[in-house]
Amino acid sequence: MSSRVLLASASPRRHTILRQLSIPFEVSVADISEEVPEGEPPSDTVRRLATEKVEAVQSREEAAHYEYILGADTVVVLEETVMGKPESRETAATYLRALSGRTHQVHTAIALYVRSRACYDIAESITAVHMAAISGEELAWYLDTQEWRGVAGGYRIQGRGQLFIEGVTGSPSNVIGLPIRPLYSILTRNRYRFDYAR
């Protein structure tokens with residue numbers, strides 16, 4: 001069975017983090033609905049979606065060759081409002097206006113399926129992000145960059161979006177979409193063998 005991880009995510013940010021950690025992986029993109037039912041708590045949302053992504057690829061023929069299947073999901077939460085990936089420029093603008101000058105939370109859940117034990121393990125990370133006030137001119141410029149596409153809350157902390165970030169409490173990699181310490185912990189406690197010589 002392959003020592004590589006099968007990643008149920010098309011996210012380039014998650015791919016980059018796995019490469020930085022020298023974790024060999026292949027990608028099998030999960031095609032699921034990421035709609036959030038009204039009133040669902042953020043922790044429930046990210047845990048459910050991360051697990052559903054793994055379940056979506058678990059039964060595929062190529063998945064049978066992998067001991068570990070990994071999925072993750074990230075949402076931005078402002079007070080009780082859950083912000084996923086904006087589907088339009090208008091939604092991204094609405095999100096960013098709401099986040100401007102305020103502190104919000106980023107929730108990410110990691111779901112790991114371990115084939116030899118036929119079990120799931122889930123870890124969650126929460127990071128507080130304080131965003132500076134964004135002017136109308138800055139907002140229009142940022143929306144023009146297209147960075148809002150495909151990211152929870154409509155901004156990328158590892159891109160131009162960091163121009164608006166005044167402070168982060170917790171894991172910065174969590175805001176990118178894959179918290180490194182929880183990832184390491186969930187893999188090691190499930191006997192994944194890191195090649196420290198890489």
# chains A, B, ... in the order shown; residues from 1 in each chain; ligands from 1
call {"tool": "residues_around", "arguments": {"residues": "segment 65-72 of chain A", "least_positions_apart": "4", "cutoff": "6 Å", "atoms": "only C-alpha atoms", "output": "number ranges by chain"}}
result
A: 1-2, 5-8, 50, 53-54, 109-115
call {"tool": "write_last_selection", "arguments": {"atoms": "C-alpha atoms", "output": "PDB file, in the first residue's frame"}}
result
ATOM      1  CA  MET A   1       0.000   0.000   0.000  1.00  0.00           C
ATOM      2  CA  SER A   2       1.330   3.461  -0.921  1.00  0.00           C
ATOM      3  CA  VAL A   5      -1.311  10.495   1.475  1.00  0.00           C
ATOM      4  CA  LEU A   6      -4.375  10.833  -0.752  1.00  0.00           C
ATOM      5  CA  LEU A   7      -5.557  14.425  -0.422  1.00  0.00           C
ATOM      6  CA  ALA A   8      -9.222  15.147  -1.082  1.00  0.00           C
ATOM      7  CA  ALA A  50     -13.886  17.734   5.910  1.00  0.00           C
ATOM      8  CA  LYS A  53     -14.664  15.236   1.312  1.00  0.00           C
ATOM      9  CA  VAL A  54     -12.819  12.134   2.508  1.00  0.00           C
ATOM     10  CA  ALA A 109     -11.052  20.896  10.480  1.00  0.00           C
ATOM     11  CA  ILE A 110      -8.813  18.085   9.287  1.00  0.00           C
ATOM     12  CA  ALA A 111     -10.360  14.654   8.704  1.00  0.00           C
ATOM     13  CA  LEU A 112      -8.074  11.649   8.335  1.00  0.00           C
ATOM     14  CA  TYR A 113      -9.253   8.205   7.264  1.00  0.00           C
ATOM     15  CA  VAL A 114      -6.933   5.349   8.260  1.00  0.00           C
ATOM     16  CA  ARG A 115      -7.663   2.377   6.021  1.00  0.00           C
TER      17      ARG A 115
END
call {"tool": "select_by_dssp", "arguments": {"residues": "segment 2-183 of chain A", "states": "helix (DSSP H, G or I)", "output": "JSON, numbers by chain"}}
result
{"A": [12, 13, 14, 15, 16, 17, 18, 19, 20, 42, 43, 44, 45, 46, 47, 48, 49, 50, 51, 52, 53, 54, 55, 56, 57, 58, 61, 62, 63, 64, 65, 89, 90, 91, 92, 93, 94, 95, 96, 97, 98, 99, 115, 116, 117, 136, 137, 138, 139, 140, 141, 142, 143, 144, 145, 152, 153, 154, 160, 161, 162, 163, 164, 172, 173, 174, 175, 176, 180, 181, 182, 183]}
call {"tool": "write_last_selection", "arguments": {"atoms": "C-alpha atoms", "output": "CSV table (one decimal), in the first residue's frame"}}
result
chain,number,residue,atom,x,y,z
A,12,PRO,CA,-3.0,24.9,-4.1
A,13,ARG,CA,-2.4,26.3,-0.6
A,14,ARG,CA,-2.8,22.9,1.0
A,15,HIS,CA,-0.7,21.3,-1.7
A,16,THR,CA,2.1,23.8,-0.9
A,17,ILE,CA,2.0,23.1,2.8
A,18,LEU,CA,2.2,19.4,2.3
A,19,ARG,CA,5.2,19.9,0.0
A,20,GLN,CA,6.9,22.2,2.5
A,42,PRO,CA,-19.0,26.5,12.6
A,43,SER,CA,-17.2,23.6,14.3
A,44,ASP,CA,-19.9,21.2,13.1
A,45,THR,CA,-19.7,22.7,9.6
A,46,VAL,CA,-16.0,22.3,9.1
A,47,ARG,CA,-15.9,18.8,10.7
A,48,ARG,CA,-18.8,17.6,8.5
A,49,LEU,CA,-17.4,19.0,5.3
A,50,ALA,CA,-13.9,17.7,5.9
A,51,THR,CA,-15.3,14.3,6.6
A,52,GLU,CA,-17.6,14.4,3.6
A,53,LYS,CA,-14.7,15.2,1.3
A,54,VAL,CA,-12.8,12.1,2.5
A,55,GLU,CA,-15.9,10.0,2.1
A,56,ALA,CA,-16.4,11.2,-1.4
A,57,VAL,CA,-13.0,9.8,-2.5
A,58,GLN,CA,-12.7,6.9,-0.1
A,61,GLU,CA,-10.7,2.6,-7.1
A,62,GLU,CA,-7.4,4.6,-6.7
A,63,ALA,CA,-8.1,5.2,-3.0
A,64,ALA,CA,-7.7,1.5,-2.2
A,65,HIS,CA,-3.9,1.9,-2.6
A,89,ARG,CA,-17.3,39.5,-6.7
A,90,GLU,CA,-20.4,41.0,-5.0
A,91,THR,CA,-20.4,38.4,-2.2
A,92,ALA,CA,-16.6,38.8,-1.7
A,93,ALA,CA,-17.2,42.6,-1.4
A,94,THR,CA,-20.0,42.0,1.2
A,95,TYR,CA,-17.7,39.7,3.2
A,96,LEU,CA,-14.7,42.1,3.2
A,97,ARG,CA,-16.8,45.1,4.2
A,98,ALA,CA,-18.1,43.1,7.1
A,99,LEU,CA,-14.6,42.0,8.2
A,115,ARG,CA,-7.7,2.4,6.0
A,116,SER,CA,-6.0,-0.4,8.1
A,117,ARG,CA,-8.2,0.5,11.0
A,136,GLY,CA,-13.5,51.8,-0.7
A,137,GLU,CA,-10.5,52.3,-3.0
A,138,GLU,CA,-8.5,49.4,-1.4
A,139,LEU,CA,-11.5,47.1,-1.6
A,140,ALA,CA,-12.0,47.8,-5.3
A,141,TRP,CA,-8.3,47.2,-6.0
A,142,TYR,CA,-8.3,44.0,-4.0
A,143,LEU,CA,-11.3,42.6,-5.7
A,144,ASP,CA,-9.7,43.3,-9.0
A,145,THR,CA,-6.7,41.1,-8.0
A,152,ALA,CA,-13.1,31.4,2.7
A,153,GLY,CA,-14.0,34.9,3.7
A,154,GLY,CA,-12.7,36.3,0.3
A,160,ARG,CA,-2.0,40.5,-1.1
A,161,GLY,CA,-4.7,40.1,1.6
A,162,GLN,CA,-2.0,40.3,4.3
A,163,LEU,CA,-1.8,44.0,3.6
A,164,PHE,CA,-5.0,44.3,5.6
A,172,PRO,CA,-1.2,31.4,10.7
A,173,SER,CA,-1.2,28.2,8.6
A,174,ASN,CA,-4.7,27.5,9.8
A,175,VAL,CA,-5.8,30.7,8.0
A,176,ILE,CA,-4.2,29.4,4.9
A,180,ILE,CA,0.5,22.5,10.6
A,181,ARG,CA,0.7,21.5,14.2
A,182,PRO,CA,-2.7,19.7,14.3
A,183,LEU,CA,-1.8,18.1,10.9
call {"tool": "closest_residue", "arguments": {"among": "A:Ile122, A:Tyr155, A:Gly170, A:Glu147", "to": "Ile186 of chain A", "atoms": "only C-alpha atoms"}}
result
A:Ile122
call {"tool": "atom_distance", "arguments": {"atom1": "atom CA of Arg102 of chain A", "atom2": "atom CA of Met131 of chain A"}}
result
5.6 Å
call {"tool": "closest_residue", "arguments": {"among": "A:Thr74, A:Ser28, A:Thr169, A:Ser33", "to": "Ser59 of chain A", "atoms": "only C-alpha atoms"}}
result
A:Ser28
call {"tool": "residues_around", "arguments": {"residues": "segment 75-78 of chain A", "least_positions_apart": "6", "cutoff": "6 Å", "atoms": "only C-alpha atoms", "output": "list in words"}}
result
Gly84, His104, Gln105, Val106, His107, Ala152 and Gly153 of chain A
call {"tool": "write_last_selection", "arguments": {"atoms": "C-alpha atoms", "output": "short mmCIF file (atom, residue, chain, number, x, y, z; two decimals), in the first residue's frame"}}
result
data_model
loop_
_atom_site.label_atom_id
_atom_site.label_comp_id
_atom_site.auth_asym_id
_atom_site.auth_seq_id
_atom_site.Cartn_x
_atom_site.Cartn_y
_atom_site.Cartn_z
CA GLY A 84 -17.36 30.18 3.02
CA HIS A 104 -13.01 37.30 13.15
CA GLN A 105 -12.27 33.61 13.63
CA VAL A 106 -11.01 31.09 11.12
CA HIS A 107 -12.09 27.47 11.73
CA ALA A 152 -13.11 31.38 2.72
CA GLY A 153 -13.96 34.93 3.67
#
call {"tool": "decode", "arguments": {"residues": "segment 9-162 of chain A", "atoms": "C-alpha atoms", "output": "mmCIF file, in the first residue's frame"}}
result
data_model
loop_
_atom_site.group_PDB
_atom_site.id
_atom_site.type_symbol
_atom_site.label_atom_id
_atom_site.label_comp_id
_atom_site.auth_asym_id
_atom_site.auth_seq_id
_atom_site.Cartn_x
_atom_site.Cartn_y
_atom_site.Cartn_z
ATOM 1 C CA SER A 9 -8.618 18.782 -1.969
ATOM 2 C CA ALA A 10 -7.781 20.848 -5.034
ATOM 3 C CA SER A 11 -6.476 23.735 -2.900
ATOM 4 C CA PRO A 12 -3.039 24.935 -4.092
ATOM 5 C CA ARG A 13 -2.417 26.319 -0.576
ATOM 6 C CA ARG A 14 -2.848 22.880 0.996
ATOM 7 C CA HIS A 15 -0.660 21.327 -1.683
ATOM 8 C CA THR A 16 2.084 23.838 -0.902
ATOM 9 C CA ILE A 17 1.962 23.121 2.836
ATOM 10 C CA LEU A 18 2.242 19.352 2.297
ATOM 11 C CA ARG A 19 5.209 19.873 -0.013
ATOM 12 C CA GLN A 20 6.891 22.164 2.526
ATOM 13 C CA LEU A 21 6.522 19.401 5.120
ATOM 14 C CA SER A 22 7.901 16.781 2.689
ATOM 15 C CA ILE A 23 4.702 14.738 2.900
ATOM 16 C CA PRO A 24 4.281 12.767 -0.357
ATOM 17 C CA PHE A 25 0.714 13.009 -1.626
ATOM 18 C CA GLU A 26 -1.578 12.566 -4.584
ATOM 19 C CA VAL A 27 -4.797 14.469 -5.201
ATOM 20 C CA SER A 28 -8.314 13.127 -5.692
ATOM 21 C CA VAL A 29 -10.695 16.065 -5.727
ATOM 22 C CA ALA A 30 -13.945 15.666 -3.803
ATOM 23 C CA ASP A 31 -17.049 16.979 -5.532
ATOM 24 C CA ILE A 32 -19.446 17.827 -2.724
ATOM 25 C CA SER A 33 -21.875 20.606 -1.888
ATOM 26 C CA GLU A 34 -20.344 23.097 0.539
ATOM 27 C CA GLU A 35 -23.629 24.759 1.414
ATOM 28 C CA VAL A 36 -23.989 25.555 5.114
ATOM 29 C CA PRO A 37 -27.408 24.914 6.682
ATOM 30 C CA GLU A 38 -28.715 27.926 8.557
ATOM 31 C CA GLY A 39 -27.870 27.710 12.246
ATOM 32 C CA GLU A 40 -25.220 24.993 11.925
ATOM 33 C CA PRO A 41 -22.338 25.768 14.348
ATOM 34 C CA PRO A 42 -19.014 26.515 12.590
ATOM 35 C CA SER A 43 -17.229 23.605 14.273
ATOM 36 C CA ASP A 44 -19.931 21.231 13.056
ATOM 37 C CA THR A 45 -19.698 22.700 9.556
ATOM 38 C CA VAL A 46 -15.961 22.264 9.078
ATOM 39 C CA ARG A 47 -15.905 18.815 10.693
ATOM 40 C CA ARG A 48 -18.821 17.633 8.539
ATOM 41 C CA LEU A 49 -17.421 19.013 5.276
ATOM 42 C CA ALA A 50 -13.886 17.734 5.910
ATOM 43 C CA THR A 51 -15.308 14.269 6.577
ATOM 44 C CA GLU A 52 -17.628 14.381 3.556
ATOM 45 C CA LYS A 53 -14.664 15.236 1.312
ATOM 46 C CA VAL A 54 -12.819 12.134 2.508
ATOM 47 C CA GLU A 55 -15.939 9.979 2.137
ATOM 48 C CA ALA A 56 -16.397 11.240 -1.423
ATOM 49 C CA VAL A 57 -13.045 9.816 -2.539
ATOM 50 C CA GLN A 58 -12.692 6.890 -0.130
ATOM 51 C CA SER A 59 -14.561 4.407 -2.335
ATOM 52 C CA ARG A 60 -12.787 5.338 -5.573
ATOM 53 C CA GLU A 61 -10.654 2.649 -7.139
ATOM 54 C CA GLU A 62 -7.386 4.558 -6.736
ATOM 55 C CA ALA A 63 -8.103 5.205 -3.039
ATOM 56 C CA ALA A 64 -7.718 1.495 -2.233
ATOM 57 C CA HIS A 65 -3.946 1.892 -2.561
ATOM 58 C CA TYR A 66 -3.683 4.523 0.179
ATOM 59 C CA GLU A 67 -3.475 3.954 3.916
ATOM 60 C CA TYR A 68 -4.252 7.606 4.663
ATOM 61 C CA ILE A 69 -6.905 9.816 3.073
ATOM 62 C CA LEU A 70 -6.905 13.449 4.169
ATOM 63 C CA GLY A 71 -9.594 16.106 3.852
ATOM 64 C CA ALA A 72 -9.893 19.621 5.243
ATOM 65 C CA ASP A 73 -12.384 22.446 5.310
ATOM 66 C CA THR A 74 -12.075 26.094 6.345
ATOM 67 C CA VAL A 75 -14.659 28.773 7.108
ATOM 68 C CA VAL A 76 -14.427 32.344 8.342
ATOM 69 C CA VAL A 77 -16.746 33.297 11.201
ATOM 70 C CA LEU A 78 -17.739 36.841 12.151
ATOM 71 C CA GLU A 79 -19.895 36.787 15.257
ATOM 72 C CA GLU A 80 -22.479 34.174 14.187
ATOM 73 C CA THR A 81 -22.100 34.599 10.429
ATOM 74 C CA VAL A 82 -20.274 31.789 8.605
ATOM 75 C CA MET A 83 -18.418 32.842 5.468
ATOM 76 C CA GLY A 84 -17.357 30.177 3.020
ATOM 77 C CA LYS A 85 -15.939 30.732 -0.461
ATOM 78 C CA PRO A 86 -17.650 33.669 -2.176
ATOM 79 C CA GLU A 87 -19.204 32.702 -5.495
ATOM 80 C CA SER A 88 -19.185 36.235 -6.900
ATOM 81 C CA ARG A 89 -17.350 39.544 -6.667
ATOM 82 C CA GLU A 90 -20.421 41.022 -4.967
ATOM 83 C CA THR A 91 -20.389 38.368 -2.220
ATOM 84 C CA ALA A 92 -16.644 38.837 -1.720
ATOM 85 C CA ALA A 93 -17.205 42.585 -1.352
ATOM 86 C CA THR A 94 -19.955 41.972 1.205
ATOM 87 C CA TYR A 95 -17.682 39.675 3.217
ATOM 88 C CA LEU A 96 -14.724 42.055 3.179
ATOM 89 C CA ARG A 97 -16.828 45.086 4.152
ATOM 90 C CA ALA A 98 -18.138 43.107 7.117
ATOM 91 C CA LEU A 99 -14.629 41.973 8.157
ATOM 92 C CA SER A 100 -13.097 45.439 7.755
ATOM 93 C CA GLY A 101 -11.805 46.827 11.059
ATOM 94 C CA ARG A 102 -12.974 43.823 13.077
ATOM 95 C CA THR A 103 -11.716 40.580 14.566
ATOM 96 C CA HIS A 104 -13.008 37.295 13.148
ATOM 97 C CA GLN A 105 -12.269 33.613 13.631
ATOM 98 C CA VAL A 106 -11.012 31.087 11.116
ATOM 99 C CA HIS A 107 -12.092 27.474 11.732
ATOM 100 C CA THR A 108 -10.359 24.588 9.964
ATOM 101 C CA ALA A 109 -11.052 20.896 10.480
ATOM 102 C CA ILE A 110 -8.813 18.085 9.287
ATOM 103 C CA ALA A 111 -10.360 14.654 8.704
ATOM 104 C CA LEU A 112 -8.074 11.649 8.335
ATOM 105 C CA TYR A 113 -9.253 8.205 7.264
ATOM 106 C CA VAL A 114 -6.933 5.349 8.260
ATOM 107 C CA ARG A 115 -7.663 2.377 6.021
ATOM 108 C CA SER A 116 -6.029 -0.402 8.054
ATOM 109 C CA ARG A 117 -8.195 0.469 11.041
ATOM 110 C CA ALA A 118 -11.233 1.656 9.052
ATOM 111 C CA CYS A 119 -11.575 4.708 11.268
ATOM 112 C CA TYR A 120 -11.704 8.479 11.092
ATOM 113 C CA ASP A 121 -9.745 10.928 13.202
ATOM 114 C CA ILE A 122 -10.644 14.623 13.222
ATOM 115 C CA ALA A 123 -8.760 17.671 14.478
ATOM 116 C CA GLU A 124 -9.890 21.294 14.524
ATOM 117 C CA SER A 125 -8.040 24.583 14.829
ATOM 118 C CA ILE A 126 -9.408 28.083 15.489
ATOM 119 C CA THR A 127 -7.432 31.267 14.815
ATOM 120 C CA ALA A 128 -8.431 34.865 15.559
ATOM 121 C CA VAL A 129 -7.609 37.410 12.846
ATOM 122 C CA HIS A 130 -7.843 41.175 13.272
ATOM 123 C CA MET A 131 -8.356 43.003 10.015
ATOM 124 C CA ALA A 132 -7.610 46.679 9.530
ATOM 125 C CA ALA A 133 -10.223 49.042 8.163
ATOM 126 C CA ILE A 134 -10.371 48.745 4.358
ATOM 127 C CA SER A 135 -11.172 51.832 2.307
ATOM 128 C CA GLY A 136 -13.458 51.762 -0.706
ATOM 129 C CA GLU A 137 -10.470 52.289 -3.013
ATOM 130 C CA GLU A 138 -8.534 49.449 -1.362
ATOM 131 C CA LEU A 139 -11.532 47.145 -1.589
ATOM 132 C CA ALA A 140 -12.023 47.801 -5.317
ATOM 133 C CA TRP A 141 -8.302 47.207 -5.956
ATOM 134 C CA TYR A 142 -8.279 43.968 -3.968
ATOM 135 C CA LEU A 143 -11.350 42.619 -5.707
ATOM 136 C CA ASP A 144 -9.666 43.345 -9.047
ATOM 137 C CA THR A 145 -6.738 41.094 -8.040
ATOM 138 C CA GLN A 146 -9.127 38.083 -8.074
ATOM 139 C CA GLU A 147 -7.521 36.749 -4.873
ATOM 140 C CA TRP A 148 -10.955 36.394 -3.337
ATOM 141 C CA ARG A 149 -11.779 33.452 -5.597
ATOM 142 C CA GLY A 150 -11.845 30.037 -3.948
ATOM 143 C CA VAL A 151 -10.966 31.148 -0.407
ATOM 144 C CA ALA A 152 -13.108 31.376 2.721
ATOM 145 C CA GLY A 153 -13.958 34.935 3.666
ATOM 146 C CA GLY A 154 -12.738 36.282 0.330
ATOM 147 C CA TYR A 155 -9.102 37.018 1.244
ATOM 148 C CA ARG A 156 -5.744 35.262 1.208
ATOM 149 C CA ILE A 157 -3.475 35.923 4.167
ATOM 150 C CA GLN A 158 -0.489 34.521 2.241
ATOM 151 C CA GLY A 159 -1.134 36.888 -0.671
ATOM 152 C CA ARG A 160 -2.021 40.546 -1.065
ATOM 153 C CA GLY A 161 -4.671 40.085 1.617
ATOM 154 C CA GLN A 162 -1.969 40.259 4.282
#
